[in-house]
Amino acid sequence: MVDTDVQNMFRIPYFIAKVEPWDTIKEQIISAIDLASDYYLDPQGFESDYYHNNYTSQVYGILKPFVTEITERYFMKPPPEEPPLMWSQKYNRKCEHPVHNHGNRGFSFILYLKYDPMKHKSTRFYCPFGDFFTGEMTSFAPEVEEGDLIAFPSSILHSSQYHTADTERMILSFNLYPYGF
């Protein structure tokens, strides 16, 4: 037998923080969103307040301890002092957010505000290179719960899968660094 060693050429990290106490924080965030959002209907059927809200400072203040935990522990740097642009999206029956990425923003975050793992699907992430043997695209959908804050590389393709549930799925999203690190 030949002596061999396995090494990883590429590794794509993502991070999940539990936002707690969830019931209190959920109420604060949804209240802030409800008071300061102007939703529009995207052609794909989901509702978004992207560039049409005024809650970023308030919500960033609530989430900053959780963001700080991720940035200081894994990025070895503090989060930005200035709040990032945030937006929320609502998914109702028969809508989806097609495959997209957020460009070179370092890391993007998703907070699952209204999410039932028995009825809803998590965000699906797509590997930036094909399967080594078939060339086919591979994907991954992490197991998440309501109140999970997930951070992932902004340039990774991802989508909100086709929503079939009768109950609303709602997320909050933001790109932490406007121009990457």
# chains A, B, ... in the order shown; residues from 1 in each chain; ligands from 1
call {"tool": "residues_around", "arguments": {"residues": "Cys127 (chain A)", "least_positions_apart": "4", "cutoff": "7 Å", "atoms": "only C-alpha atoms", "output": "list in words"}}
result
Met137, Thr138 and Ser139 of chain A
call {"tool": "write_last_selection", "arguments": {"atoms": "C-alpha atoms", "output": "PDB file, in the first residue's frame"}}
result
ATOM      1  CA  MET A 137     -24.113  20.974  -9.305  1.00  0.00           C
ATOM      2  CA  THR A 138     -24.334  19.956  -5.671  1.00  0.00           C
ATOM      3  CA  SER A 139     -26.271  21.823  -3.028  1.00  0.00           C
TER       4      SER A 139
END
call {"tool": "select_by_dssp", "arguments": {"residues": "region 45-86 of chain A", "states": "helix (DSSP H, G or I)", "output": "PyMOL selection string"}}
result
chain A and resi 56-75
call {"tool": "atom_distance", "arguments": {"atom1": "CA of Lys119 (chain A)", "atom2": "CA of Glu145 (chain A)"}}
result
11.5 Å
call {"tool": "residues_around", "arguments": {"residues": "His102 (chain A)", "least_positions_apart": "6", "cutoff": "8 Å", "atoms": "only C-alpha atoms", "output": "ChimeraX atom specification"}}
result
/A:108,154-156,175
call {"tool": "residues_around", "arguments": {"residues": "Tyr51 (chain A)", "least_positions_apart": "6", "cutoff": "9 Å", "atoms": "only C-alpha atoms", "output": "VMD selection string"}}
result
chain A and resid 38 85 to 87
call {"tool": "closest_residue", "arguments": {"among": "A:Leu113, A:Tyr60, A:Ile150, A:Tyr177", "to": "Asp23 (chain A)", "atoms": "only C-alpha atoms"}}
result
A:Leu113
call {"tool": "decode", "arguments": {"residues": "region 74-121 of chain A", "atoms": "C-alpha atoms", "output": "PDB file, in the first residue's frame"}}
result
ATOM      1  CA  TYR A  74     -14.353  33.350  13.490  1.00  0.00           C
ATOM      2  CA  PHE A  75     -13.288  36.446  11.512  1.00  0.00           C
ATOM      3  CA  MET A  76     -10.956  37.737  14.248  1.00  0.00           C
ATOM      4  CA  LYS A  77     -12.328  41.257  13.928  1.00  0.00           C
ATOM      5  CA  PRO A  78     -15.123  43.314  15.444  1.00  0.00           C
ATOM      6  CA  PRO A  79     -18.318  43.923  13.499  1.00  0.00           C
ATOM      7  CA  PRO A  80     -18.727  47.286  11.787  1.00  0.00           C
ATOM      8  CA  GLU A  81     -19.959  50.107  14.004  1.00  0.00           C
ATOM      9  CA  GLU A  82     -22.285  51.381  11.299  1.00  0.00           C
ATOM     10  CA  PRO A  83     -25.349  49.185  10.834  1.00  0.00           C
ATOM     11  CA  PRO A  84     -25.472  47.298   7.543  1.00  0.00           C
ATOM     12  CA  LEU A  85     -28.395  47.611   5.164  1.00  0.00           C
ATOM     13  CA  MET A  86     -30.998  45.070   6.260  1.00  0.00           C
ATOM     14  CA  TRP A  87     -34.087  43.780   4.542  1.00  0.00           C
ATOM     15  CA  SER A  88     -36.839  41.322   5.323  1.00  0.00           C
ATOM     16  CA  GLN A  89     -38.685  38.972   3.034  1.00  0.00           C
ATOM     17  CA  LYS A  90     -41.938  37.102   3.385  1.00  0.00           C
ATOM     18  CA  TYR A  91     -42.680  33.905   1.513  1.00  0.00           C
ATOM     19  CA  ASN A  92     -46.222  32.693   1.062  1.00  0.00           C
ATOM     20  CA  ARG A  93     -47.561  29.758  -0.908  1.00  0.00           C
ATOM     21  CA  LYS A  94     -46.270  29.375  -4.480  1.00  0.00           C
ATOM     22  CA  CYS A  95     -43.282  31.713  -4.393  1.00  0.00           C
ATOM     23  CA  GLU A  96     -39.511  31.397  -4.383  1.00  0.00           C
ATOM     24  CA  HIS A  97     -36.343  33.470  -4.558  1.00  0.00           C
ATOM     25  CA  PRO A  98     -34.244  32.106  -7.441  1.00  0.00           C
ATOM     26  CA  VAL A  99     -30.538  31.350  -7.244  1.00  0.00           C
ATOM     27  CA  HIS A 100     -28.465  34.473  -6.580  1.00  0.00           C
ATOM     28  CA  ASN A 101     -25.493  35.723  -4.585  1.00  0.00           C
ATOM     29  CA  HIS A 102     -24.682  38.967  -2.785  1.00  0.00           C
ATOM     30  CA  GLY A 103     -21.354  39.659  -4.485  1.00  0.00           C
ATOM     31  CA  ASN A 104     -18.094  40.471  -2.728  1.00  0.00           C
ATOM     32  CA  ARG A 105     -19.494  41.518   0.641  1.00  0.00           C
ATOM     33  CA  GLY A 106     -17.496  39.166   2.856  1.00  0.00           C
ATOM     34  CA  PHE A 107     -20.300  37.457   4.753  1.00  0.00           C
ATOM     35  CA  SER A 108     -24.070  37.696   4.514  1.00  0.00           C
ATOM     36  CA  PHE A 109     -26.476  36.844   7.317  1.00  0.00           C
ATOM     37  CA  ILE A 110     -29.977  35.368   7.434  1.00  0.00           C
ATOM     38  CA  LEU A 111     -32.157  35.377  10.538  1.00  0.00           C
ATOM     39  CA  TYR A 112     -35.085  32.966  10.406  1.00  0.00           C
ATOM     40  CA  LEU A 113     -37.908  35.081  11.903  1.00  0.00           C
ATOM     41  CA  LYS A 114     -40.912  32.904  11.084  1.00  0.00           C
ATOM     42  CA  TYR A 115     -39.887  29.375  10.327  1.00  0.00           C
ATOM     43  CA  ASP A 116     -41.489  26.011  10.969  1.00  0.00           C
ATOM     44  CA  PRO A 117     -39.085  23.167  10.085  1.00  0.00           C
ATOM     45  CA  MET A 118     -42.061  20.838   9.592  1.00  0.00           C
ATOM     46  CA  LYS A 119     -43.562  23.109   6.908  1.00  0.00           C
ATOM     47  CA  HIS A 120     -40.804  25.364   5.572  1.00  0.00           C
ATOM     48  CA  LYS A 121     -37.548  24.761   3.736  1.00  0.00           C
TER      49      LYS A 121
END
